[in-house]
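File shown: model.tsv (TSV, C-alpha atoms).
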chain	number	residue	atom	x	y	z
A	1	MET	CA	-15.13	-72.92	114.80
A	2	ALA	CA	-13.48	-69.64	113.86
A	3	ARG	CA	-15.23	-67.36	111.38
A	4	ILE	CA	-12.50	-66.17	109.03
A	5	GLY	CA	-12.89	-63.47	106.41
A	6	ILE	CA	-10.71	-63.70	103.31
A	7	ILE	CA	-10.26	-60.41	101.47
A	8	GLY	CA	-9.38	-61.16	97.87
A	9	GLY	CA	-10.91	-63.67	95.45
A	10	GLY	CA	-7.83	-64.47	93.38
A	11	ALA	CA	-6.09	-67.84	93.22
A	12	TRP	CA	-4.37	-67.52	96.60
A	13	GLY	CA	-7.42	-66.15	98.41
A	14	THR	CA	-9.55	-68.95	97.00
A	15	ALA	CA	-7.01	-71.60	98.00
A	16	LEU	CA	-6.90	-70.18	101.53
A	17	THR	CA	-10.65	-70.61	101.89
A	18	LEU	CA	-10.04	-74.34	101.43
A	19	VAL	CA	-7.28	-74.19	104.05
A	20	VAL	CA	-9.74	-72.60	106.47
A	21	LYS	CA	-12.40	-75.21	105.80
A	22	ARG	CA	-9.96	-78.09	106.24
A	23	ALA	CA	-8.87	-76.63	109.57
A	24	GLY	CA	-12.50	-76.62	110.72
A	25	GLY	CA	-13.24	-72.93	110.31
A	26	GLU	CA	-16.02	-71.00	108.60
A	27	ALA	CA	-14.74	-69.09	105.57
A	28	VAL	CA	-16.33	-66.02	104.02
A	29	LEU	CA	-14.57	-64.88	100.85
A	30	TRP	CA	-14.85	-61.32	99.55
A	31	ALA	CA	-14.19	-60.80	95.84
A	32	ARG	CA	-14.43	-57.56	93.91
A	33	GLU	CA	-15.45	-59.35	90.70
A	34	ARG	CA	-19.17	-60.15	90.54
A	35	GLU	CA	-18.56	-63.15	88.27
A	36	VAL	CA	-16.24	-64.68	90.88
A	37	VAL	CA	-18.84	-64.32	93.63
A	38	GLU	CA	-21.57	-65.81	91.45
A	39	SER	CA	-19.42	-68.70	90.24
A	40	ILE	CA	-18.30	-69.68	93.74
A	41	ASN	CA	-21.80	-69.54	95.21
A	42	ALA	CA	-23.63	-71.19	92.29
A	43	ARG	CA	-21.10	-73.66	90.89
A	44	HIS	CA	-18.51	-73.97	93.67
A	45	GLU	CA	-15.59	-73.03	91.43
A	46	ASN	CA	-13.46	-70.04	90.51
A	47	PRO	CA	-12.61	-70.58	86.84
A	48	LEU	CA	-11.33	-67.02	86.43
A	49	PHE	CA	-8.46	-67.36	88.91
A	50	LEU	CA	-8.24	-70.99	90.06
A	51	PRO	CA	-9.59	-73.20	87.27
A	52	GLY	CA	-10.02	-76.87	88.00
A	53	ALA	CA	-10.25	-76.54	91.79
A	54	ALA	CA	-13.43	-77.96	93.30
A	55	LEU	CA	-14.53	-75.74	96.17
A	56	ASP	CA	-16.38	-76.77	99.30
A	57	PRO	CA	-20.13	-76.26	98.72
A	58	ALA	CA	-20.33	-74.70	102.19
A	59	LEU	CA	-17.98	-71.91	101.13
A	60	ARG	CA	-19.75	-68.59	100.74
A	61	ALA	CA	-18.53	-65.66	98.68
A	62	THR	CA	-19.73	-62.09	98.96
A	63	GLY	CA	-19.31	-58.81	97.17
A	64	LYS	CA	-19.98	-56.90	100.39
A	65	LEU	CA	-16.75	-56.00	102.14
A	66	ALA	CA	-18.49	-55.30	105.45
A	67	GLU	CA	-19.86	-58.84	105.55
A	68	ALA	CA	-16.44	-60.45	105.17
A	69	ALA	CA	-14.86	-58.00	107.63
A	70	GLN	CA	-17.22	-59.08	110.44
A	71	ALA	CA	-15.03	-62.04	111.33
A	72	GLU	CA	-12.89	-63.28	114.19
A	73	ILE	CA	-9.80	-63.39	111.94
A	74	LEU	CA	-9.13	-61.53	108.72
A	75	LEU	CA	-6.84	-62.70	105.90
A	76	LEU	CA	-5.69	-59.92	103.56
A	77	VAL	CA	-5.01	-61.52	100.18
A	78	THR	CA	-5.25	-58.54	97.81
A	79	PRO	CA	-2.36	-57.63	95.49
A	80	ALA	CA	0.31	-55.79	97.45
A	81	GLN	CA	-0.13	-52.45	95.68
A	82	PHE	CA	-3.85	-52.44	96.55
A	83	LEU	CA	-3.46	-53.45	100.19
A	84	ARG	CA	-3.63	-49.89	101.56
A	85	ALA	CA	-6.87	-49.18	99.68
A	86	ALA	CA	-8.41	-52.47	100.81
A	87	ALA	CA	-7.43	-51.93	104.44
A	88	SER	CA	-8.87	-48.42	104.31
A	89	GLU	CA	-12.18	-49.80	103.01
A	90	ILE	CA	-12.20	-52.44	105.73
A	91	ALA	CA	-11.36	-50.07	108.61
A	92	PRO	CA	-14.92	-48.84	109.33
A	93	HIS	CA	-16.25	-52.41	109.49
A	94	LEU	CA	-13.53	-54.19	111.46
A	95	LYS	CA	-14.01	-54.94	115.13
A	96	PRO	CA	-11.15	-53.62	117.30
A	97	GLY	CA	-8.67	-56.34	118.19
A	98	THR	CA	-9.43	-58.54	115.18
A	99	PRO	CA	-6.19	-60.29	114.16
A	100	THR	CA	-5.18	-59.44	110.59
A	101	VAL	CA	-3.06	-61.91	108.64
A	102	ILE	CA	-1.20	-60.40	105.69
A	103	CYS	CA	-0.98	-62.85	102.78
A	104	ALA	CA	0.24	-60.36	100.14
A	105	LYS	CA	3.91	-60.23	99.17
A	106	GLY	CA	5.35	-56.91	98.12
A	107	ILE	CA	6.66	-53.46	99.02
A	108	GLU	CA	4.48	-50.42	98.37
A	109	ARG	CA	5.54	-48.18	95.53
A	110	GLY	CA	6.17	-44.57	96.48
A	111	THR	CA	6.36	-45.11	100.25
A	112	CYS	CA	8.61	-48.23	100.32
A	113	ALA	CA	6.36	-49.47	103.13
A	114	LEU	CA	6.16	-53.13	104.04
A	115	MET	CA	2.66	-54.56	104.13
A	116	SER	CA	2.77	-54.76	107.95
A	117	GLU	CA	3.67	-51.07	108.12
A	118	ILE	CA	0.63	-50.21	106.00
A	119	VAL	CA	-1.72	-52.29	108.14
A	120	ALA	CA	-0.27	-50.87	111.37
A	121	GLU	CA	-1.02	-47.40	110.04
A	122	VAL	CA	-4.50	-48.04	108.65
A	123	LEU	CA	-5.75	-50.66	111.15
A	124	PRO	CA	-3.91	-49.68	114.35
A	125	ASP	CA	-6.13	-51.75	116.66
A	126	SER	CA	-5.50	-55.06	114.84
A	127	PRO	CA	-2.80	-57.52	115.88
A	128	ILE	CA	-0.72	-58.23	112.77
A	129	ALA	CA	0.61	-61.51	111.40
A	130	VAL	CA	2.25	-62.48	108.12
A	131	LEU	CA	1.64	-65.75	106.29
A	132	SER	CA	4.40	-66.46	103.79
A	133	GLY	CA	6.35	-69.31	102.29
A	134	PRO	CA	6.69	-71.59	99.26
A	135	THR	CA	3.07	-71.89	98.14
A	136	PHE	CA	1.57	-72.41	94.71
A	137	ALA	CA	-2.17	-71.82	95.08
A	138	ALA	CA	-3.19	-74.78	92.91
A	139	GLU	CA	-1.21	-77.23	95.05
A	140	VAL	CA	-2.59	-75.80	98.29
A	141	ALA	CA	-6.11	-76.02	96.86
A	142	ALA	CA	-5.47	-79.67	95.97
A	143	GLY	CA	-4.47	-80.40	99.57
A	144	LEU	CA	-0.86	-81.26	98.75
A	145	PRO	CA	1.68	-80.99	101.60
A	146	THR	CA	2.76	-77.39	102.21
A	147	ALA	CA	4.74	-75.64	104.93
A	148	VAL	CA	4.63	-71.91	105.65
A	149	THR	CA	5.95	-69.30	108.05
A	150	LEU	CA	3.33	-67.67	110.26
A	151	ALA	CA	5.01	-64.63	111.77
A	152	CYS	CA	3.44	-62.64	114.60
A	153	ARG	CA	5.11	-60.46	117.23
A	154	ASP	CA	2.54	-61.59	119.83
A	155	PRO	CA	3.24	-65.31	120.49
A	156	SER	CA	-0.23	-65.97	121.93
A	157	VAL	CA	-1.92	-64.52	118.85
A	158	GLY	CA	0.44	-66.49	116.64
A	159	GLU	CA	-0.44	-69.74	118.39
A	160	MET	CA	-4.16	-69.01	118.06
A	161	LEU	CA	-3.76	-68.32	114.34
A	162	SER	CA	-1.73	-71.48	113.90
A	163	ARG	CA	-4.54	-73.53	115.43
A	164	ALA	CA	-7.08	-71.80	113.18
A	165	LEU	CA	-5.16	-72.39	109.94
A	166	GLY	CA	-2.81	-75.32	110.43
A	167	THR	CA	-3.49	-78.88	109.36
A	168	LYS	CA	-1.31	-81.93	108.72
A	169	ASN	CA	-0.96	-80.88	105.06
A	170	PHE	CA	-0.76	-77.13	105.70
A	171	ARG	CA	1.96	-76.85	108.30
A	172	THR	CA	2.41	-73.49	110.01
A	173	TYR	CA	5.82	-72.75	111.53
A	174	LEU	CA	5.65	-69.88	114.03
A	175	SER	CA	8.03	-66.93	114.12
A	176	GLU	CA	8.09	-63.52	115.78
A	177	ASP	CA	10.05	-62.00	112.90
A	178	VAL	CA	7.38	-60.25	110.83
A	179	THR	CA	9.91	-58.14	108.95
A	180	GLY	CA	12.02	-61.09	107.85
A	181	ALA	CA	8.98	-62.98	106.58
A	182	GLU	CA	7.91	-59.96	104.53
A	183	ILE	CA	11.32	-59.15	103.04
A	184	GLY	CA	11.76	-62.70	101.78
A	185	GLY	CA	8.34	-62.80	100.15
A	186	ALA	CA	8.68	-59.40	98.48
A	187	VAL	CA	12.21	-59.62	97.13
A	188	LYS	CA	11.95	-63.17	95.81
A	189	ASN	CA	9.36	-61.99	93.30
A	190	VAL	CA	11.86	-59.55	91.78
A	191	LEU	CA	14.55	-62.22	91.72
A	192	ALA	CA	12.17	-64.66	90.01
A	193	ILE	CA	11.86	-62.25	87.10
A	194	ALA	CA	15.66	-62.35	86.80
A	195	CYS	CA	15.58	-66.17	86.82
A	196	GLY	CA	12.90	-66.14	84.14
A	197	ILE	CA	15.16	-63.97	82.02
A	198	THR	CA	17.96	-66.54	82.33
A	199	VAL	CA	15.53	-69.20	81.10
A	200	GLY	CA	14.24	-67.07	78.24
A	201	ARG	CA	17.77	-66.16	77.18
A	202	LYS	CA	18.84	-69.84	77.50
A	203	LEU	CA	21.72	-69.04	79.85
A	204	GLY	CA	21.56	-72.46	81.51
A	205	GLU	CA	20.84	-73.96	84.90
A	206	ASN	CA	24.25	-72.89	86.28
A	207	ALA	CA	23.25	-69.27	85.76
A	208	ARG	CA	19.89	-69.77	87.40
A	209	ALA	CA	21.50	-71.46	90.43
A	210	ALA	CA	23.96	-68.59	90.71
A	211	LEU	CA	21.16	-66.03	90.56
A	212	ILE	CA	19.19	-67.83	93.26
A	213	THR	CA	22.21	-68.00	95.55
A	214	ARG	CA	23.34	-64.43	94.98
A	215	GLY	CA	19.71	-63.34	95.17
A	216	LEU	CA	19.47	-64.90	98.61
A	217	ALA	CA	22.42	-62.73	99.60
A	218	GLU	CA	20.44	-59.68	98.49
A	219	ILE	CA	17.41	-60.75	100.55
A	220	ILE	CA	19.65	-61.22	103.58
A	221	ARG	CA	21.36	-57.85	103.20
A	222	LEU	CA	18.08	-55.95	102.90
A	223	GLY	CA	16.44	-57.94	105.69
A	224	LEU	CA	19.29	-57.38	108.13
A	225	ALA	CA	19.28	-53.67	107.32
A	226	LYS	CA	15.55	-53.60	108.21
A	227	GLY	CA	16.19	-55.42	111.48
A	228	ALA	CA	15.14	-58.92	110.44
A	229	ARG	CA	16.64	-62.20	111.58
A	230	LEU	CA	19.03	-64.18	109.42
A	231	SER	CA	17.35	-67.44	110.43
A	232	THR	CA	14.01	-66.24	109.06
A	233	MET	CA	15.47	-65.46	105.66
A	234	MET	CA	17.14	-68.87	105.56
A	235	GLY	CA	13.80	-70.51	106.31
A	236	LEU	CA	10.50	-71.13	104.54
A	237	SER	CA	9.58	-67.49	103.90
A	238	GLY	CA	13.07	-66.71	102.60
A	239	PHE	CA	15.10	-69.43	100.94
A	240	GLY	CA	12.11	-71.78	100.67
A	241	ASP	CA	9.92	-69.30	98.83
A	242	LEU	CA	12.83	-68.11	96.69
A	243	SER	CA	13.67	-71.66	95.63
A	244	LEU	CA	10.10	-72.53	94.64
A	245	THR	CA	9.40	-69.30	92.79
A	246	CYS	CA	12.65	-69.22	90.83
A	247	ASN	CA	12.60	-72.85	89.73
A	248	SER	CA	9.14	-73.22	88.19
A	249	THR	CA	7.22	-71.71	85.33
A	250	GLN	CA	4.14	-71.98	87.55
A	251	SER	CA	5.51	-68.78	89.05
A	252	ARG	CA	3.91	-65.72	87.48
A	253	ASN	CA	7.11	-63.75	88.03
A	254	THR	CA	9.38	-66.35	86.45
A	255	SER	CA	6.98	-66.60	83.51
A	256	LEU	CA	7.03	-62.82	83.16
A	257	GLY	CA	10.82	-62.86	82.97
A	258	ILE	CA	10.72	-65.55	80.30
A	259	ARG	CA	8.31	-63.52	78.17
A	260	LEU	CA	10.49	-60.40	78.51
A	261	ALA	CA	13.60	-62.35	77.51
A	262	GLU	CA	11.81	-63.76	74.50
A	263	GLY	CA	11.07	-60.26	73.23
A	264	SER	CA	7.71	-59.21	74.69
A	265	SER	CA	7.31	-55.66	75.92
A	266	LEU	CA	6.53	-55.24	79.61
A	267	GLN	CA	3.00	-54.11	78.77
A	268	ASP	CA	2.35	-57.15	76.59
A	269	ALA	CA	3.98	-59.54	79.06
A	270	LEU	CA	1.82	-58.24	81.91
A	271	ALA	CA	-1.29	-58.38	79.74
A	272	ARG	CA	-0.65	-62.08	79.02
A	273	ALA	CA	-0.28	-62.93	82.71
A	274	PRO	CA	-3.33	-64.68	84.22
A	275	ALA	CA	-2.88	-62.77	87.48
A	276	VAL	CA	-0.69	-60.10	89.07
A	277	ALA	CA	3.09	-60.64	88.86
A	278	GLU	CA	3.99	-58.79	92.06
A	279	GLY	CA	7.69	-58.47	91.25
A	280	ALA	CA	6.96	-56.15	88.33
A	281	PHE	CA	5.46	-53.64	90.74
A	282	SER	CA	7.77	-54.16	93.72
A	283	ALA	CA	11.08	-53.83	91.83
A	284	GLU	CA	11.12	-50.05	91.97
A	285	ALA	CA	10.20	-50.01	95.67
A	286	VAL	CA	12.89	-52.60	96.47
A	287	ARG	CA	15.49	-50.41	94.77
A	288	GLN	CA	14.32	-47.28	96.57
A	289	LEU	CA	14.26	-49.01	99.96
A	290	ALA	CA	17.72	-50.48	99.39
A	291	ASN	CA	19.07	-47.04	98.48
A	292	ARG	CA	17.57	-45.55	101.64
A	293	LEU	CA	19.26	-48.24	103.72
A	294	ASN	CA	22.53	-48.15	101.71
A	295	VAL	CA	22.19	-51.81	100.71
A	296	GLU	CA	23.77	-53.24	97.57
A	297	MET	CA	21.35	-55.33	95.49
A	298	PRO	CA	22.74	-55.55	91.94
A	299	ILE	CA	20.36	-58.24	90.66
A	300	CYS	CA	17.23	-56.45	91.87
A	301	PHE	CA	18.58	-53.15	90.60
A	302	GLY	CA	19.17	-54.75	87.20
A	303	VAL	CA	15.59	-56.02	87.06
A	304	ASP	CA	14.34	-52.55	87.99
A	305	ARG	CA	16.37	-50.99	85.18
A	306	ILE	CA	14.88	-53.43	82.67
A	307	LEU	CA	11.33	-52.88	83.88
A	308	ASN	CA	11.34	-49.18	84.64
A	309	ALA	CA	14.26	-47.52	82.89
A	310	GLY	CA	14.18	-49.16	79.46
A	311	ALA	CA	17.54	-50.89	79.92
A	312	ALA	CA	18.41	-53.59	77.42
A	313	ILE	CA	18.38	-57.09	78.89
A	314	ASP	CA	21.73	-58.07	77.37
A	315	ALA	CA	23.37	-54.88	78.66
A	316	VAL	CA	22.16	-55.58	82.20
A	317	ILE	CA	23.39	-59.18	82.02
A	318	ALA	CA	26.81	-57.95	80.83
A	319	GLN	CA	27.02	-55.46	83.70
A	320	LEU	CA	26.26	-58.17	86.25
A	321	LEU	CA	28.88	-60.50	84.77
A	322	GLU	CA	31.50	-57.75	84.83
A	323	ARG	CA	31.15	-57.06	88.56
A	324	PRO	CA	34.32	-57.62	90.61
A	325	PHE	CA	34.86	-60.89	92.48
A	326	LYS	CA	34.18	-60.81	96.23
A	327	GLU	CA	34.55	-62.97	99.32
A	328	GLU	CA	31.20	-64.69	99.60
A	329	SER	CA	30.71	-64.85	103.40
A	330	THR	CA	31.41	-61.17	104.08
A	331	ASP	CA	29.31	-60.15	101.08
A	332	VAL	CA	26.31	-62.00	102.56
A	333	LEU	CA	26.99	-60.34	105.95
A	334	LEU	CA	26.76	-63.56	107.94
A	335	ASP	CA	28.99	-61.97	110.57
A	336	ARG	CA	26.37	-59.35	111.48
A	337	GLU	CA	24.41	-59.83	114.70
A	338	PRO	CA	20.82	-60.90	113.88
A	339	ARG	CA	18.09	-58.61	115.19
A	340	PHE	CA	14.34	-58.55	115.48
A	341	GLY	CA	12.36	-55.87	113.66
Just give me the structure of the file as C-alpha cells.
Amino acid sequence: MARIGIIGGGAWGTALTLVVKRAGGEAVLWAREREVVESINARHENPLFLPGAALDPALRATGKLAEAAQAEILLLVTPAQFLRAAASEIAPHLKPGTPTVICAKGIERGTCALMSEIVAEVLPDSPIAVLSGPTFAAEVAAGLPTAVTLACRDPSVGEMLSRALGTKNFRTYLSEDVTGAEIGGAVKNVLAIACGITVGRKLGENARAALITRGLAEIIRLGLAKGARLSTMMGLSGFGDLSLTCNSTQSRNTSLGIRLAEGSSLQDALARAPAVAEGAFSAEAVRQLANRLNVEMPICFGVDRILNAGAAIDAVIAQLLERPFKEESTDVLLDREPRFG
C-alpha cells in the first residue's frame, strides 16, 4: 500500500484522493483552507470544491504541509500559478527521490516555465511525472470510466506510478513525453475560453468545431517547437483533453468564455467562477512562449488580447475570420520530425 500525499484540496485534488483509495493506496490530502480540512475529516465531504461527492471515511485531510509531504509519492494539484510557491514550501519536508506527479495544467506567468521545469528547479532530487488528460473531477470522483496520460521520462518510475494510481475505471496510459503532455493541458485551457466565446456569441457549432481543430494545430506547433512528440498531442493529453474541455459547460474555462461573450467583465467573470479557470492566467504566458519560439498561434493570441489588452471580442473575431487561407497539412507541421523533450 503506497502512502500518497495530495497537495491541493480543490475539486481535482479531492477526486484524486478517491483514485488513490480505489487503487489500494493510503491518501493524505493537504488543503490550505481550514474549512476543507474540517469538512473532510468530520463529514467526509468537500462541499466547497466538490459538492455531492461522498468521500471515503478513511481519507484523512491535514493543514500541515509537512505531514502530507512525508509520503512515498506526491501529487501536486495546486493551481498552476501557485505551483512554484507550493513546491518551495514542500522542499524542506520532502524525502530525496520521492516521485512527484504534476497534476496542474498551465504555463507560469513571467517565466513561461512549464510545470515540470519549475519542479525540476525547486525539487531537483524528485523524479517528475505529469498526469493529464480529459478529466472532469466530478466524474472521476463518481468512479466513471476515465483514461489519462501518465508521462514520465523514467519508464520504471512511470510503471510504478501507473500501478499506484491505475484502476479499471481510471486507466493510465504511459508516455515518456512529459513536454507534450504539459503543452496539451496548458494550451487547451486558453482555447476553451475561445470556444466559450463562440457559444456566448451564438456563432454555432460549426465555429466551435473549427476552433477546436485549428486550436489543435496551435497545440501541435507549440509542442513541436518545445521538442514534444506529435503522437502525444494527438492523444489523451492533447486532442482528448481539448475535445472534452471545449465541448462542455462543465469546463471552467469554457464557462468563463461564455460569461465574457455575454458581457461580463473579466473581473466579474472570474469572481463568479467556482474555482480557478487556468486559461485566464496562462494566456499571456502562452503568447510569450510562442513569441520566444517564433510560433504562430492566432487563436491563443486573440484570447490573450481580449483578456489582457482590452481588445473587443467582436474585433478579435473579425481579425481571425479575415486571416488568409492556408494549406492545412503544412500549417499543422505534420511533416516535421517528432522529437522528445
All residues 12 Å or closer to Val122 in chain A, all atoms listed in the file, same chain fewer than 3 positions away omitted, as number ranges by chain: A: 83-92, 94, 100, 115-119, 125-126, 128
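By all atoms listed in the file, and with residues fewer than 2 positions from Thr149 in chain A along its chain excluded, the set lying at most 8 Å from it is Val130, Leu131, Ser132, Gly133, Ala147, Ala151, Thr172, Tyr173, Leu174, Ser175, Ala181, Leu236 and Ser237 of chain A.
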Build an axis-aligned box that encloses every atom of range 239-251 of chain A listed in the file, pad it by 3 Å on each side, and report its centre and edge lengths in Å to one decimal, as lines of an AutoDock Vina configuration file.
center_x = 9.6
center_y = -70.7
center_z = 93.1
size_x = 17.0
size_y = 11.1
size_z = 21.6
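CA of Asn253 in chain A sits 17.4 Å away from CA of Arg109 in chain A.
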Just want the 9 Å neighbourhood of Pro51 in chain A, counted on all atoms listed in the file, with same-chain residues fewer than 4 positions away dropped. Output as a compact mmCIF listing (two decimals) with C-alpha atoms, in the coordinates of the input.
# COMPACT_ATOMS: atom_id res chain seq x y z
CA ALA A 11 -6.09 -67.84 93.22
CA GLU A 45 -15.59 -73.03 91.43
CA ASN A 46 -13.46 -70.04 90.51
CA PRO A 47 -12.61 -70.58 86.84
CA ALA A 138 -3.19 -74.78 92.91
Supply range 264-284 of chain A as a PDB file, keeping the file's coordinate frame, with N, CA, C and O atoms built in where the input has gaps.
ATOM      1  N   SER A 264       8.953 -59.942  74.408  1.00  0.00           N
ATOM      2  CA  SER A 264       7.710 -59.210  74.690  1.00  0.00           C
ATOM      3  C   SER A 264       8.026 -57.897  75.397  1.00  0.00           C
ATOM      4  O   SER A 264       8.971 -57.810  76.190  1.00  0.00           O
ATOM      5  N   SER A 265       7.219 -56.897  75.137  1.00  0.00           N
ATOM      6  CA  SER A 265       7.310 -55.660  75.920  1.00  0.00           C
ATOM      7  C   SER A 265       6.734 -55.925  77.302  1.00  0.00           C
ATOM      8  O   SER A 265       5.986 -56.896  77.502  1.00  0.00           O
ATOM      9  N   LEU A 266       7.066 -55.061  78.264  1.00  0.00           N
ATOM     10  CA  LEU A 266       6.530 -55.240  79.610  1.00  0.00           C
ATOM     11  C   LEU A 266       5.012 -55.172  79.587  1.00  0.00           C
ATOM     12  O   LEU A 266       4.340 -55.985  80.243  1.00  0.00           O
ATOM     13  N   GLN A 267       4.452 -54.246  78.841  1.00  0.00           N
ATOM     14  CA  GLN A 267       3.000 -54.110  78.770  1.00  0.00           C
ATOM     15  C   GLN A 267       2.355 -55.378  78.232  1.00  0.00           C
ATOM     16  O   GLN A 267       1.369 -55.872  78.787  1.00  0.00           O
ATOM     17  N   ASP A 268       2.915 -55.924  77.159  1.00  0.00           N
ATOM     18  CA  ASP A 268       2.350 -57.150  76.590  1.00  0.00           C
ATOM     19  C   ASP A 268       2.542 -58.342  77.519  1.00  0.00           C
ATOM     20  O   ASP A 268       1.645 -59.189  77.649  1.00  0.00           O
ATOM     21  N   ALA A 269       3.708 -58.417  78.157  1.00  0.00           N
ATOM     22  CA  ALA A 269       3.980 -59.540  79.060  1.00  0.00           C
ATOM     23  C   ALA A 269       3.029 -59.523  80.249  1.00  0.00           C
ATOM     24  O   ALA A 269       2.530 -60.576  80.673  1.00  0.00           O
ATOM     25  N   LEU A 270       2.758 -58.344  80.786  1.00  0.00           N
ATOM     26  CA  LEU A 270       1.820 -58.240  81.910  1.00  0.00           C
ATOM     27  C   LEU A 270       0.397 -58.558  81.457  1.00  0.00           C
ATOM     28  O   LEU A 270      -0.372 -59.187  82.188  1.00  0.00           O
ATOM     29  N   ALA A 271       0.052 -58.135  80.252  1.00  0.00           N
ATOM     30  CA  ALA A 271      -1.290 -58.380  79.740  1.00  0.00           C
ATOM     31  C   ALA A 271      -1.553 -59.873  79.542  1.00  0.00           C
ATOM     32  O   ALA A 271      -2.689 -60.339  79.672  1.00  0.00           O
ATOM     33  N   ARG A 272      -0.505 -60.635  79.245  1.00  0.00           N
ATOM     34  CA  ARG A 272      -0.650 -62.080  79.020  1.00  0.00           C
ATOM     35  C   ARG A 272      -0.672 -62.872  80.319  1.00  0.00           C
ATOM     36  O   ARG A 272      -1.001 -64.062  80.307  1.00  0.00           O
ATOM     37  N   ALA A 273      -0.321 -62.225  81.433  1.00  0.00           N
ATOM     38  CA  ALA A 273      -0.280 -62.930  82.710  1.00  0.00           C
ATOM     39  C   ALA A 273      -1.697 -63.182  83.216  1.00  0.00           C
ATOM     40  O   ALA A 273      -2.546 -62.286  83.156  1.00  0.00           O
ATOM     41  N   PRO A 274      -1.987 -64.390  83.724  1.00  0.00           N
ATOM     42  CA  PRO A 274      -3.330 -64.680  84.220  1.00  0.00           C
ATOM     43  C   PRO A 274      -3.675 -63.952  85.509  1.00  0.00           C
ATOM     44  O   PRO A 274      -4.837 -63.812  85.861  1.00  0.00           O
ATOM     45  N   ALA A 275      -2.652 -63.494  86.230  1.00  0.00           N
ATOM     46  CA  ALA A 275      -2.880 -62.770  87.480  1.00  0.00           C
ATOM     47  C   ALA A 275      -1.678 -61.840  87.700  1.00  0.00           C
ATOM     48  O   ALA A 275      -0.748 -61.788  86.896  1.00  0.00           O
ATOM     49  N   VAL A 276      -1.703 -61.122  88.809  1.00  0.00           N
ATOM     50  CA  VAL A 276      -0.690 -60.100  89.070  1.00  0.00           C
ATOM     51  C   VAL A 276       0.674 -60.745  89.311  1.00  0.00           C
ATOM     52  O   VAL A 276       0.803 -61.656  90.139  1.00  0.00           O
ATOM     53  N   ALA A 277       1.697 -60.267  88.595  1.00  0.00           N
ATOM     54  CA  ALA A 277       3.090 -60.640  88.860  1.00  0.00           C
ATOM     55  C   ALA A 277       3.669 -59.564  89.767  1.00  0.00           C
ATOM     56  O   ALA A 277       4.094 -58.502  89.309  1.00  0.00           O
ATOM     57  N   GLU A 278       3.670 -59.828  91.076  1.00  0.00           N
ATOM     58  CA  GLU A 278       3.990 -58.790  92.060  1.00  0.00           C
ATOM     59  C   GLU A 278       5.377 -58.181  91.858  1.00  0.00           C
ATOM     60  O   GLU A 278       5.596 -57.001  92.145  1.00  0.00           O
ATOM     61  N   GLY A 279       6.335 -58.975  91.386  1.00  0.00           N
ATOM     62  CA  GLY A 279       7.690 -58.470  91.250  1.00  0.00           C
ATOM     63  C   GLY A 279       7.805 -57.300  90.304  1.00  0.00           C
ATOM     64  O   GLY A 279       8.659 -56.423  90.472  1.00  0.00           O
ATOM     65  N   ALA A 280       6.925 -57.250  89.295  1.00  0.00           N
ATOM     66  CA  ALA A 280       6.960 -56.150  88.330  1.00  0.00           C
ATOM     67  C   ALA A 280       6.637 -54.823  88.987  1.00  0.00           C
ATOM     68  O   ALA A 280       7.089 -53.771  88.537  1.00  0.00           O
ATOM     69  N   PHE A 281       5.881 -54.861  90.077  1.00  0.00           N
ATOM     70  CA  PHE A 281       5.460 -53.640  90.740  1.00  0.00           C
ATOM     71  C   PHE A 281       6.285 -53.343  91.993  1.00  0.00           C
ATOM     72  O   PHE A 281       6.324 -52.203  92.458  1.00  0.00           O
ATOM     73  N   SER A 282       6.944 -54.363  92.531  1.00  0.00           N
ATOM     74  CA  SER A 282       7.770 -54.160  93.720  1.00  0.00           C
ATOM     75  C   SER A 282       9.214 -53.794  93.395  1.00  0.00           C
ATOM     76  O   SER A 282       9.934 -53.309  94.265  1.00  0.00           O
ATOM     77  N   ALA A 283       9.662 -54.035  92.164  1.00  0.00           N
ATOM     78  CA  ALA A 283      11.080 -53.830  91.830  1.00  0.00           C
ATOM     79  C   ALA A 283      11.541 -52.413  92.137  1.00  0.00           C
ATOM     80  O   ALA A 283      12.606 -52.203  92.732  1.00  0.00           O
ATOM     81  N   GLU A 284      10.752 -51.438  91.730  1.00  0.00           N
ATOM     82  CA  GLU A 284      11.120 -50.050  91.970  1.00  0.00           C
ATOM     83  C   GLU A 284      11.201 -49.752  93.472  1.00  0.00           C
ATOM     84  O   GLU A 284      12.123 -49.093  93.950  1.00  0.00           O
TER      85      GLU A 284
END
